[in-house]
$ cat model13.csv   # CSV, C-alpha atoms
chain,number,residue,atom,x,y,z
A,1,MET,CA,-25.8,3.6,18.7
A,2,ASP,CA,-27.1,0.6,20.6
A,3,PRO,CA,-24.7,-2.3,19.5
A,4,THR,CA,-27.7,-4.7,19.4
A,5,THR,CA,-29.4,-2.6,16.7
A,6,PRO,CA,-28.9,-4.0,13.2
A,7,ALA,CA,-26.3,-2.0,11.3
A,8,GLN,CA,-27.7,0.5,8.8
A,9,PRO,CA,-25.9,2.1,5.8
A,10,GLN,CA,-23.7,4.7,7.4
A,11,SER,CA,-20.5,6.6,6.8
A,12,HIS,CA,-17.2,4.8,6.1
A,13,HIS,CA,-15.9,5.7,9.5
A,14,ALA,CA,-19.1,4.5,11.3
A,15,SER,CA,-18.8,1.1,9.6
A,16,HIS,CA,-15.2,0.8,10.7
A,17,ASP,CA,-16.3,1.5,14.3
A,18,ARG,CA,-18.0,-2.0,14.2
A,19,GLU,CA,-14.8,-3.8,13.2
A,20,ILE,CA,-12.9,-5.8,15.7
A,21,GLU,CA,-9.3,-6.3,14.6
A,22,SER,CA,-7.4,-7.4,17.7
A,23,LEU,CA,-8.0,-9.5,20.8
A,24,ALA,CA,-7.8,-6.3,22.9
A,25,GLU,CA,-10.7,-4.8,20.9
A,26,PHE,CA,-12.7,-8.0,21.2
A,27,ASP,CA,-12.3,-7.9,25.0
A,28,ARG,CA,-13.3,-4.2,25.2
A,29,VAL,CA,-16.5,-4.8,23.2
A,30,VAL,CA,-17.6,-7.8,25.2
A,31,SER,CA,-16.8,-6.1,28.5
A,32,ALA,CA,-18.5,-2.9,27.6
A,33,HIS,CA,-21.6,-4.2,25.7
A,34,GLY,CA,-21.8,-7.9,26.5
A,35,THR,CA,-22.7,-8.5,22.9
A,36,LEU,CA,-21.1,-9.1,19.5
A,37,ALA,CA,-24.3,-8.5,17.5
A,38,HIS,CA,-23.6,-7.0,14.1
A,39,TYR,CA,-19.8,-6.7,14.7
A,40,ARG,CA,-17.2,-7.8,12.1
A,41,VAL,CA,-14.4,-9.7,13.8
A,42,GLN,CA,-11.4,-9.9,11.4
A,43,ALA,CA,-8.4,-12.3,11.7
A,44,VAL,CA,-8.5,-12.5,15.5
A,45,ASP,CA,-7.4,-15.7,17.2
A,46,LEU,CA,-10.4,-16.5,19.5
A,47,THR,CA,-9.3,-20.0,20.6
A,48,ALA,CA,-8.8,-18.6,24.2
A,49,ARG,CA,-12.2,-16.8,24.2
A,50,THR,CA,-14.6,-19.7,24.1
A,51,ASP,CA,-16.5,-18.6,27.2
A,52,ALA,CA,-17.2,-15.2,25.6
A,53,LEU,CA,-18.3,-16.8,22.3
A,54,MET,CA,-20.6,-19.1,24.2
A,55,SER,CA,-22.3,-16.3,26.1
A,56,ALA,CA,-22.3,-13.1,24.0
A,57,ASP,CA,-25.1,-12.5,21.5
A,58,PRO,CA,-23.6,-13.0,18.0
A,59,THR,CA,-26.7,-12.1,16.0
A,60,GLY,CA,-25.7,-10.7,12.6
A,61,ALA,CA,-22.0,-10.9,13.5
A,62,VAL,CA,-19.4,-11.9,10.9
A,63,PHE,CA,-16.2,-13.8,11.8
A,64,LEU,CA,-13.5,-13.5,9.1
A,65,GLY,CA,-10.7,-16.0,9.5
A,66,CYS,CA,-10.9,-16.2,13.3
A,67,PRO,CA,-9.6,-19.5,14.8
A,68,MET,CA,-12.0,-20.7,17.5
A,69,ASP,CA,-13.0,-23.8,19.3
A,70,PRO,CA,-15.3,-26.0,17.1
A,71,GLY,CA,-18.0,-25.9,19.7
A,72,ALA,CA,-17.9,-22.1,19.9
A,73,ALA,CA,-18.0,-21.9,16.1
A,74,ALA,CA,-21.1,-24.2,16.0
A,75,ARG,CA,-22.8,-22.1,18.7
A,76,VAL,CA,-22.3,-18.7,17.0
A,77,ARG,CA,-23.4,-20.1,13.7
A,78,ALA,CA,-26.6,-21.5,15.2
A,79,ALA,CA,-27.2,-18.2,16.9
A,80,GLY,CA,-27.1,-16.2,13.6
A,81,ALA,CA,-23.5,-15.4,12.9
A,82,LEU,CA,-21.6,-16.0,9.7
A,83,VAL,CA,-18.2,-17.8,10.2
A,84,PHE,CA,-15.6,-17.7,7.4
A,85,PRO,CA,-13.0,-20.1,8.7
A,86,PRO,CA,-9.2,-19.8,8.3
A,87,ILE,CA,-7.9,-21.4,5.1
A,88,PRO,CA,-5.1,-23.8,5.8
A,89,GLY,CA,-2.0,-24.1,3.7
A,90,LEU,CA,-2.0,-20.5,2.3
A,91,PRO,CA,1.2,-18.4,2.4
A,92,PHE,CA,-0.9,-15.4,3.3
A,93,ASP,CA,-4.1,-14.5,5.3
A,94,PRO,CA,-6.9,-13.5,3.0
A,95,TYR,CA,-8.8,-11.9,5.9
A,96,ARG,CA,-5.9,-9.9,7.3
A,97,ALA,CA,-6.9,-6.8,9.2
A,98,ARG,CA,-3.6,-4.8,8.8
A,99,VAL,CA,-1.4,-3.9,5.9
A,100,TYR,CA,2.0,-5.6,5.7
A,101,SER,CA,5.3,-4.6,7.2
A,102,PRO,CA,8.7,-5.1,5.6
A,103,GLU,CA,9.7,-7.5,8.4
A,104,GLU,CA,6.6,-9.6,7.7
A,105,LEU,CA,7.0,-9.9,4.0
A,106,TYR,CA,10.8,-10.5,4.3
A,107,ALA,CA,10.7,-13.0,7.2
A,108,ARG,CA,13.2,-15.7,6.7
A,109,LEU,CA,15.3,-13.6,4.4
A,110,ASP,CA,18.4,-15.1,6.0
A,111,GLU,CA,17.4,-18.3,4.2
A,112,GLY,CA,17.2,-16.5,0.9
A,113,TYR,CA,14.5,-14.5,-0.8
A,114,ALA,CA,12.8,-17.7,-2.1
A,115,ALA,CA,11.9,-18.6,1.5
A,116,THR,CA,10.2,-15.4,2.4
A,117,PRO,CA,6.4,-15.0,2.6
A,118,ASP,CA,6.6,-12.5,-0.2
A,119,ALA,CA,8.1,-15.0,-2.6
A,120,LEU,CA,5.9,-17.8,-1.5
A,121,ALA,CA,2.8,-15.7,-2.1
A,122,TYR,CA,4.0,-14.9,-5.6
A,123,ASP,CA,4.6,-18.6,-6.3
A,124,TRP,CA,1.1,-19.4,-5.1
A,125,PHE,CA,-0.3,-16.7,-7.3
A,126,GLN,CA,1.5,-18.0,-10.4
A,127,GLN,CA,0.3,-21.5,-9.8
A,128,THR,CA,-3.3,-20.7,-9.1
A,129,LYS,CA,-3.5,-18.1,-11.9
A,130,SER,CA,-2.4,-20.7,-14.4
A,131,ASP,CA,-4.9,-23.3,-12.9
A,132,GLY,CA,-7.8,-20.9,-13.3
A,133,ASP,CA,-9.2,-22.0,-9.9
A,134,VAL,CA,-12.3,-20.0,-9.0
A,135,PHE,CA,-11.7,-20.7,-5.3
A,136,ALA,CA,-8.2,-19.2,-5.6
A,137,SER,CA,-9.4,-16.1,-7.5
A,138,MET,CA,-12.0,-15.6,-4.8
A,139,LEU,CA,-9.3,-15.8,-2.1
A,140,ARG,CA,-7.3,-13.2,-4.0
A,141,ALA,CA,-10.3,-10.9,-4.2
A,142,ILE,CA,-11.0,-11.2,-0.5
A,143,HIS,CA,-7.4,-10.5,0.3
A,144,ASP,CA,-7.2,-7.4,-1.8
A,145,ASP,CA,-10.5,-6.1,-0.4
A,146,ALA,CA,-9.1,-6.6,3.1
A,147,VAL,CA,-5.9,-4.7,2.2
A,148,SER,CA,-8.0,-1.8,0.8
A,149,ASP,CA,-10.0,-1.7,4.0
A,150,ALA,CA,-6.8,-1.7,6.0
A,151,VAL,CA,-5.0,1.1,4.0
A,152,ASP,CA,-8.2,3.3,4.2
A,153,GLU,CA,-8.1,3.0,7.9
A,154,LEU,CA,-4.4,3.7,8.0
A,155,LEU,CA,-4.7,6.9,5.9
A,156,VAL,CA,-7.6,8.6,7.6
A,157,GLY,CA,-6.8,12.3,7.8
A,158,ALA,CA,-3.4,12.0,6.0
A,159,ARG,CA,-2.3,14.4,3.2
A,160,VAL,CA,-0.9,11.8,0.7
A,161,VAL,CA,1.4,12.6,-2.1
A,162,GLY,CA,2.0,9.9,-4.6
A,163,VAL,CA,5.5,9.5,-6.1
A,164,MET,CA,5.5,7.5,-9.3
A,165,GLY,CA,8.4,6.3,-11.3
A,166,GLY,CA,10.0,3.2,-12.9
A,167,HIS,CA,11.8,0.3,-11.3
A,168,ALA,CA,14.8,0.6,-13.5
A,169,MET,CA,16.3,3.6,-11.7
A,170,ALA,CA,19.4,2.2,-10.1
A,171,ARG,CA,20.9,2.8,-6.7
A,172,GLY,CA,24.0,4.9,-6.9
A,173,THR,CA,22.7,7.2,-9.6
A,174,LYS,CA,22.0,10.9,-9.5
A,175,SER,CA,18.3,10.4,-10.3
A,176,TYR,CA,17.9,7.8,-7.5
A,177,ALA,CA,19.5,10.3,-5.0
A,178,GLY,CA,17.2,13.0,-6.3
A,179,ALA,CA,14.1,10.9,-5.8
A,180,ALA,CA,15.2,10.1,-2.3
A,181,ARG,CA,15.7,13.8,-1.5
A,182,LEU,CA,12.2,14.4,-2.9
A,183,GLY,CA,10.7,11.8,-0.5
A,184,ARG,CA,12.6,13.4,2.4
A,185,GLU,CA,11.4,16.9,1.7
A,186,LEU,CA,7.8,15.9,1.2
A,187,THR,CA,7.8,14.0,4.5
A,188,ARG,CA,9.4,16.9,6.3
A,189,ALA,CA,6.7,19.1,4.9
A,190,GLY,CA,4.0,17.0,6.6
A,191,PHE,CA,2.9,14.9,3.6
A,192,THR,CA,2.6,11.1,3.7
A,193,VAL,CA,4.6,9.7,0.7
A,194,ALA,CA,3.0,6.8,-1.1
A,195,THR,CA,4.7,4.9,-3.9
A,196,GLY,CA,4.1,1.8,-6.0
A,197,GLY,CA,6.3,0.0,-3.5
A,198,GLY,CA,8.8,-1.6,-5.8
A,199,PRO,CA,12.5,-0.9,-6.5
A,200,GLY,CA,14.0,2.1,-8.4
A,201,ALA,CA,12.3,5.4,-8.1
A,202,MET,CA,9.7,3.9,-5.8
A,203,GLU,CA,12.3,2.6,-3.3
A,204,ALA,CA,14.2,5.9,-3.5
A,205,ALA,CA,11.1,8.0,-2.5
A,206,ASN,CA,10.3,5.6,0.4
A,207,LEU,CA,14.0,5.7,1.5
A,208,GLY,CA,13.8,9.5,1.5
A,209,ALA,CA,10.7,9.4,3.7
A,210,TYR,CA,12.5,7.0,6.0
A,211,ALA,CA,15.5,9.4,6.2
A,212,ALA,CA,13.3,12.4,7.1
A,213,PRO,CA,13.8,12.4,10.9
A,214,PHE,CA,17.6,12.2,10.7
A,215,ASP,CA,20.2,14.8,9.8
A,216,ASN,CA,21.0,15.3,6.1
A,217,GLY,CA,24.2,13.3,6.3
A,218,MET,CA,22.3,10.1,7.1
A,219,LEU,CA,20.8,10.0,3.7
A,220,ASP,CA,24.1,10.5,2.0
A,221,ASP,CA,25.6,7.6,4.0
A,222,ALA,CA,22.6,5.4,3.3
A,223,LEU,CA,22.8,6.1,-0.4
A,224,LEU,CA,26.5,5.2,-0.4
A,225,LEU,CA,25.8,1.9,1.4
A,226,LEU,CA,22.9,1.0,-0.9
A,227,SER,CA,25.0,1.7,-4.0
A,228,LYS,CA,27.1,-1.4,-3.3
A,229,VAL,CA,24.0,-3.4,-4.5
A,230,ALA,CA,22.7,-1.3,-7.3
A,231,SER,CA,19.8,-3.4,-8.4
A,232,PHE,CA,17.5,-6.2,-7.4
A,233,THR,CA,18.9,-8.3,-10.2
A,234,PRO,CA,20.6,-10.7,-10.2
A,235,SER,CA,19.9,-11.2,-6.4
A,236,VAL,CA,16.8,-10.0,-4.6
A,237,THR,CA,18.3,-11.4,-1.5
A,238,ASP,CA,21.4,-9.2,-1.6
A,239,TRP,CA,19.3,-6.2,-2.6
A,240,ALA,CA,16.8,-6.6,0.3
A,241,ARG,CA,19.6,-7.4,2.8
A,242,SER,CA,21.3,-4.1,2.1
A,243,ALA,CA,18.1,-2.2,2.7
A,244,PHE,CA,17.6,-3.9,6.1
A,245,GLU,CA,21.3,-3.1,6.8
A,246,VAL,CA,20.3,0.6,6.4
A,247,ARG,CA,17.3,0.1,8.6
A,248,GLY,CA,19.4,-1.6,11.3
A,249,ARG,CA,22.0,1.1,11.3
A,250,TRP,CA,19.4,3.9,11.5
A,251,PRO,CA,16.3,2.5,13.3
A,252,GLY,CA,13.1,4.4,13.8
A,253,GLY,CA,12.9,6.1,10.4
A,254,GLY,CA,10.1,8.2,9.0
A,255,VAL,CA,6.8,6.6,7.9
A,256,SER,CA,5.6,6.2,4.3
A,257,VAL,CA,3.3,3.9,2.4
A,258,SER,CA,4.1,1.6,-0.4
A,259,ILE,CA,1.5,-0.2,-2.6
A,260,PRO,CA,3.1,-2.9,-4.7
A,261,THR,CA,1.7,-5.9,-6.4
A,262,TRP,CA,2.4,-9.6,-6.9
A,263,PHE,CA,1.2,-9.2,-10.5
A,264,TYR,CA,4.7,-8.0,-11.3
A,265,GLY,CA,6.7,-10.8,-9.6
A,266,HIS,CA,9.9,-9.4,-11.0
A,267,GLU,CA,9.5,-6.3,-8.8
A,268,PRO,CA,10.0,-7.2,-5.1
A,269,PRO,CA,8.7,-4.8,-2.5
A,270,ASN,CA,11.2,-2.3,-1.1
A,271,ALA,CA,11.9,-2.4,2.6
A,272,PHE,CA,11.6,1.4,3.3
A,273,GLY,CA,7.9,1.8,3.2
A,274,ALA,CA,6.7,1.3,6.8
A,275,HIS,CA,3.3,0.2,5.7
A,276,ILE,CA,3.0,-2.1,2.6
A,277,ALA,CA,-0.4,-2.6,1.0
A,278,LYS,CA,0.4,-5.4,-1.4
A,279,TYR,CA,-2.2,-6.6,-3.9
A,280,PHE,CA,-2.7,-9.5,-6.2
A,281,ALA,CA,-4.7,-7.4,-8.7
A,282,ASN,CA,-2.6,-4.7,-10.3
A,283,ALA,CA,-5.6,-2.7,-11.6
A,284,THR,CA,-7.0,-2.5,-8.1
A,285,ARG,CA,-3.6,-1.5,-6.8
A,286,GLU,CA,-2.9,1.2,-9.3
A,287,ASP,CA,-6.3,2.8,-9.1
A,288,GLY,CA,-6.2,2.7,-5.3
A,289,LEU,CA,-2.7,4.2,-5.1
A,290,LEU,CA,-3.8,7.2,-7.3
A,291,ALA,CA,-7.1,7.6,-5.6
A,292,ARG,CA,-5.5,7.9,-2.2
A,293,SER,CA,-3.0,10.5,-3.4
A,294,ASN,CA,-5.3,13.3,-2.3
A,295,ALA,CA,-2.6,16.0,-2.2
A,296,GLY,CA,-1.2,15.3,-5.6
A,297,VAL,CA,1.1,13.1,-7.6
A,298,VAL,CA,4.7,13.5,-8.7
A,299,PHE,CA,5.6,11.5,-11.9
A,300,LEU,CA,9.3,10.8,-12.2
A,301,PRO,CA,10.7,9.4,-15.5
A,302,GLY,CA,9.5,5.9,-16.1
A,303,ALA,CA,8.3,3.6,-18.9
A,304,ALA,CA,5.0,2.0,-19.8
A,305,GLY,CA,3.8,1.6,-16.2
A,306,THR,CA,4.4,5.2,-15.3
A,307,VAL,CA,2.8,6.5,-18.6
A,308,GLN,CA,-0.2,4.4,-17.7
A,309,GLU,CA,-0.3,6.0,-14.2
A,310,VAL,CA,-0.2,9.5,-15.7
A,311,PHE,CA,-3.4,8.9,-17.6
A,312,ASP,CA,-5.0,6.8,-14.9
A,313,ASN,CA,-4.6,10.0,-12.8
A,314,ALA,CA,-5.6,12.4,-15.5
A,315,THR,CA,-8.9,10.7,-16.3
A,316,PRO,CA,-10.7,11.4,-12.9
A,317,ASN,CA,-9.1,14.9,-12.9
A,318,TYR,CA,-10.5,15.5,-16.4
A,319,TYR,CA,-14.0,14.3,-15.5
A,320,GLU,CA,-13.7,15.5,-11.8
A,321,SER,CA,-15.2,12.2,-10.8
A,322,ARG,CA,-13.3,12.3,-7.5
A,323,GLY,CA,-14.1,15.9,-6.9
A,324,GLU,CA,-11.7,18.8,-7.5
A,325,PRO,CA,-8.7,17.9,-9.6
A,326,THR,CA,-5.5,17.1,-7.7
A,327,PRO,CA,-2.0,18.4,-8.6
A,328,MET,CA,0.1,16.5,-11.2
A,329,VAL,CA,3.8,17.3,-11.5
A,330,LEU,CA,5.8,15.7,-14.2
A,331,VAL,CA,9.6,15.7,-13.7
A,332,ASP,CA,12.2,15.8,-16.6
A,333,ARG,CA,11.1,17.9,-19.5
A,334,ALA,CA,13.1,16.0,-22.1
A,335,HIS,CA,11.6,12.7,-20.9
A,336,TRP,CA,8.0,13.7,-21.0
A,337,THR,CA,8.2,15.8,-24.2
A,338,GLU,CA,10.7,13.9,-26.3
A,339,ARG,CA,11.4,10.3,-25.2
A,340,LEU,CA,7.8,9.6,-24.1
A,341,PRO,CA,5.8,12.7,-25.0
A,342,ALA,CA,3.0,12.4,-22.6
A,343,TRP,CA,3.1,16.1,-21.7
A,344,PRO,CA,1.7,17.4,-25.0
A,345,LEU,CA,-1.3,15.0,-24.8
A,346,LEU,CA,-1.9,15.9,-21.1
A,347,THR,CA,-1.9,19.6,-21.8
A,348,SER,CA,-4.3,19.1,-24.7
A,349,LEU,CA,-6.7,17.1,-22.5
A,350,ALA,CA,-6.5,19.8,-19.7
A,351,SER,CA,-7.1,22.7,-22.0
A,352,GLY,CA,-10.1,24.8,-20.9
A,353,ARG,CA,-10.8,22.5,-18.0
A,354,THR,CA,-10.3,23.0,-14.2
A,355,MET,CA,-7.4,20.6,-14.3
A,356,GLU,CA,-5.4,22.9,-16.5
A,357,SER,CA,-4.3,24.9,-13.5
A,358,ARG,CA,-3.3,21.7,-11.7
A,359,ILE,CA,-0.6,20.3,-14.0
A,360,ALA,CA,3.0,21.3,-14.2
A,361,LEU,CA,6.2,20.1,-16.0
A,362,VAL,CA,9.5,20.8,-14.3
A,363,ASP,CA,13.1,20.1,-15.3
A,364,ARG,CA,14.5,18.9,-12.0
A,365,ILE,CA,13.3,16.8,-9.1
A,366,GLU,CA,14.3,19.7,-6.8
A,367,GLU,CA,11.5,21.8,-8.3
A,368,ALA,CA,8.8,19.3,-7.7
A,369,PRO,CA,7.8,20.2,-4.1
A,370,GLU,CA,7.4,23.9,-4.8
A,371,ALA,CA,5.4,23.1,-7.9
A,372,LEU,CA,3.2,20.7,-5.9
A,373,LYS,CA,2.6,23.4,-3.3
A,374,ARG,CA,1.8,26.0,-6.0
A,375,LEU,CA,-0.7,23.8,-7.8
A,376,GLY,CA,-2.3,22.8,-4.5
A,377,GLY,CA,-3.1,26.4,-3.6
$ encode --input "model13.csv" --output "structure tokens"
Amino acid sequence: MDPTTPAQPQSHHASHDREIESLAEFDRVVSAHGTLAHYRVQAVDLTARTDALMSADPTGAVFLGCPMDPGAAARVRAAGALVFPPIPGLPFDPYRARVYSPEELYARLDEGYAATPDALAYDWFQQTKSDGDVFASMLRAIHDDAVSDAVDELLVGARVVGVMGGHAMARGTKSYAGAARLGRELTRAGFTVATGGGPGAMEAANLGAYAAPFDNGMLDDALLLLSKVASFTPSVTDWARSAFEVRGRWPGGGVSVSIPTWFYGHEPPNAFGAHIAKYFANATREDGLLARSNAGVVFLPGAAGTVQEVFDNATPNYYESRGEPTPMVLVDRAHWTERLPAWPLLTSLASGRTMESRIALVDRIEEAPEALKRLGG
């Protein structure tokens, strides 16, 4: 397609072909086409590209949070571009083009968790949420949409299995070790593990994915090391530092995705998900996590949040609003039939529908991968 032609409604991937998300991409486009018409330039520092901005056609282009020379900004606006300038004083970039990394969110952890970008973003969220500032709510919405765009690009072609479970599962417990082995086995089987990104069962599954390239003894050693700081309370700082100690001792671990939220400020993100898609809006985060779990979801024991996720997942499977139902595996028969009896309701909903053959209840975590493969055909 001629890059000077106005963009028409196209496929998701075609629209992403017109996004520029790095300085190298910017230089390639200008060099190859000599125009920026109808491109979307996202969070790229263009202060050293004034000559290109002054000469290339920017008709219909959109610049999202791109620092540039004031004269260049005035020129591209006058020539028909939209320029959304960077917002000073924020602890996050609302126009970001990539998901987060653990190192980014936990920068300055040596000064204590309160000094990290993750904690500062939560503090900003709490302040602006209570103020009811419409500008702040707009910035949160822009940020979350940018994160959704980034995670969609990241997961193109991936077979994603969601692992859901509560934050209360402590390091050093049998259930935590089981969730870690589950994440390891799924990753070794070629799936991309995705979790809610917090502590407990979520951290364990991301840890297991991280451990996948190493021999089995590595996970045992890592579990022992982590057990010395069993929970993120009372100290998020100590909890996070122990995770980075594991990462430092065994660098280059397996890749998984975590999708946490600042809505639950008491749940810091775990450091074992290589890619962290963190949201302000919990509803957007939960629906996005489940929608992207295209190869199924494993539900470990949890409380209200996990129960909500069971039925958030069941609803599109019931109506087939996302296409063919995806597998749902609930782990721990006693938990899901006695303590929180979601299973009887789920089976009643599924009765006589396509999703009936896509749900399973197993006693032990070790049974989940086989059940998932069986339900997925």
$ closest_residue --input "model13.csv" --among "A:Pro344, A:Pro58, A:Pro251, A:Gly352" --to "Ala73 of chain A" --atoms "all atoms listed in the file"
A:Pro58
$ closest_atom_pairs --input "model13.csv" --of "segment 48-147 of chain A" --to "segment 258-268 of chain A" --cutoff "9 Å" --atoms "all atoms listed in the file" --output "Markdown table"
| residue | atom | partner | partner_atom | distance |
| --- | --- | --- | --- | --- |
| A:Asp118 | CA | A:Pro268 | CA | 8.0 |
| A:Ala119 | CA | A:Gly265 | CA | 8.3 |
| A:Ala121 | CA | A:Trp262 | CA | 7.8 |
| A:Tyr122 | CA | A:Trp262 | CA | 5.7 |
| A:Asp123 | CA | A:Gly265 | CA | 8.7 |
| A:Phe125 | CA | A:Trp262 | CA | 7.6 |
| A:Gln126 | CA | A:Phe263 | CA | 8.8 |
$ residues_around --input "model13.csv" --residues "segment 316-321 of chain A" --least-positions-apart "3" --cutoff "10 Å" --atoms "all atoms listed in the file" --output "list in words"
Leu290, Ala291, Phe311, Asp312, Asn313, Glu324, Pro325, Thr326, Pro327, Met328, Leu346, Leu349, Ala350, Ser351, Arg353, Thr354, Met355, Glu356 and Arg358 of chain A
$ closest_residue --input "model13.csv" --among "A:Ala52, A:Val29, A:Val329, A:Ala150" --to "Pro369 of chain A" --atoms "all atoms listed in the file"
A:Val329
$ closest_residue --input "model13.csv" --among "A:Arg249, A:Met164, A:Ile359, A:Gly172" --to "Ala371 of chain A" --atoms "only C-alpha atoms"
A:Ile359
$ closest_atom_pairs --input "model13.csv" --of "segment 265-349 of chain A" --to "segment 194-212 of chain A" --cutoff "10 Å" --atoms "all atoms listed in the file" --output "CSV"
residue,atom,partner,partner_atom,distance
A:His266,CA,A:Gly198,CA,9.4
A:Glu267,CA,A:Gly198,CA,5.6
A:Pro268,CA,A:Gly198,CA,5.8
A:Pro269,CA,A:Gly198,CA,4.6
A:Asn270,CA,A:Gly198,CA,5.3
A:Ala271,CA,A:Glu203,CA,7.7
A:Phe272,CA,A:Leu207,CA,5.2
A:Gly273,CA,A:Asn206,CA,5.3
A:Ala274,CA,A:Tyr210,CA,8.2
A:His275,CA,A:Ala194,CA,9.5
A:Ile276,CA,A:Gly197,CA,7.2
A:Ala277,CA,A:Gly197,CA,8.5
A:Lys278,CA,A:Gly197,CA,8.3
A:Arg285,CA,A:Gly196,CA,8.4
A:Glu286,CA,A:Gly196,CA,7.8
A:Leu289,CA,A:Gly196,CA,7.3
A:Leu290,CA,A:Ala194,CA,9.2
A:Arg292,CA,A:Ala194,CA,8.6
A:Ser293,CA,A:Ala194,CA,7.4
A:Val297,CA,A:Ala194,CA,9.2
A:Val298,CA,A:Thr195,CA,9.8
A:Phe299,CA,A:Ala201,CA,9.8
A:Leu300,CA,A:Ala201,CA,7.4
A:Pro301,CA,A:Ala201,CA,8.6
A:Gly302,CA,A:Ala201,CA,8.5
A:Thr306,CA,A:Gly196,CA,9.9
$ write_last_selection --input "model13.csv" --atoms "C-alpha atoms" --output "PDB file, in the coordinates of the input"
ATOM      1  CA  HIS A 266       9.900  -9.400 -11.000  1.00  0.00           C
ATOM      2  CA  GLU A 267       9.500  -6.300  -8.800  1.00  0.00           C
ATOM      3  CA  PRO A 268      10.000  -7.200  -5.100  1.00  0.00           C
ATOM      4  CA  PRO A 269       8.700  -4.800  -2.500  1.00  0.00           C
ATOM      5  CA  ASN A 270      11.200  -2.300  -1.100  1.00  0.00           C
ATOM      6  CA  ALA A 271      11.900  -2.400   2.600  1.00  0.00           C
ATOM      7  CA  PHE A 272      11.600   1.400   3.300  1.00  0.00           C
ATOM      8  CA  GLY A 273       7.900   1.800   3.200  1.00  0.00           C
ATOM      9  CA  ALA A 274       6.700   1.300   6.800  1.00  0.00           C
ATOM     10  CA  HIS A 275       3.300   0.200   5.700  1.00  0.00           C
ATOM     11  CA  ILE A 276       3.000  -2.100   2.600  1.00  0.00           C
ATOM     12  CA  ALA A 277      -0.400  -2.600   1.000  1.00  0.00           C
ATOM     13  CA  LYS A 278       0.400  -5.400  -1.400  1.00  0.00           C
ATOM     14  CA  ARG A 285      -3.600  -1.500  -6.800  1.00  0.00           C
ATOM     15  CA  GLU A 286      -2.900   1.200  -9.300  1.00  0.00           C
ATOM     16  CA  LEU A 289      -2.700   4.200  -5.100  1.00  0.00           C
ATOM     17  CA  LEU A 290      -3.800   7.200  -7.300  1.00  0.00           C
ATOM     18  CA  ARG A 292      -5.500   7.900  -2.200  1.00  0.00           C
ATOM     19  CA  SER A 293      -3.000  10.500  -3.400  1.00  0.00           C
ATOM     20  CA  VAL A 297       1.100  13.100  -7.600  1.00  0.00           C
ATOM     21  CA  VAL A 298       4.700  13.500  -8.700  1.00  0.00           C
ATOM     22  CA  PHE A 299       5.600  11.500 -11.900  1.00  0.00           C
ATOM     23  CA  LEU A 300       9.300  10.800 -12.200  1.00  0.00           C
ATOM     24  CA  PRO A 301      10.700   9.400 -15.500  1.00  0.00           C
ATOM     25  CA  GLY A 302       9.500   5.900 -16.100  1.00  0.00           C
ATOM     26  CA  THR A 306       4.400   5.200 -15.300  1.00  0.00           C
TER      27      THR A 306
END
$ residues_around --input "model13.csv" --residues "segment 92-99 of chain A" --least-positions-apart "4" --cutoff "9 Å" --atoms "only C-alpha atoms" --output "number ranges by chain"
A: 20-22, 42-44, 64-66, 86-87, 117-118, 120-121, 139-151, 154, 275-278
$ closest_residue --input "model13.csv" --among "A:Phe84, A:Trp343, A:Phe63, A:Tyr113" --to "Ala240 of chain A" --atoms "only C-alpha atoms"
A:Tyr113
$ atom_distance --input "model13.csv" --atom1 "atom CA of Val362 of chain A" --atom2 "atom CA of Arg322 of chain A"
25.3 Å
$ closest_residue --input "model13.csv" --among "A:Gln308, A:Ser137, A:Ser357, A:Thr187" --to "Ala283 of chain A" --atoms "all atoms listed in the file"
A:Gln308
$ residues_near_point --input "model13.csv" --point "(4.8, -12.3, 7.1)" --cutoff "8 Å" --atoms "only C-alpha atoms" --output "VMD selection string"
chain A and resid 92 100 to 101 103 to 107 116 to 118
$ residues_around --input "model13.csv" --residues "Ala295 of chain A" --least-positions-apart "5" --cutoff "6 Å" --atoms "only C-alpha atoms" --output "PyMOL selection string"
chain A and resi 159-161
$ atom_distance --input "model13.csv" --atom1 "atom CA of Ala189 of chain A" --atom2 "atom CA of Asn216 of chain A"
14.8 Å
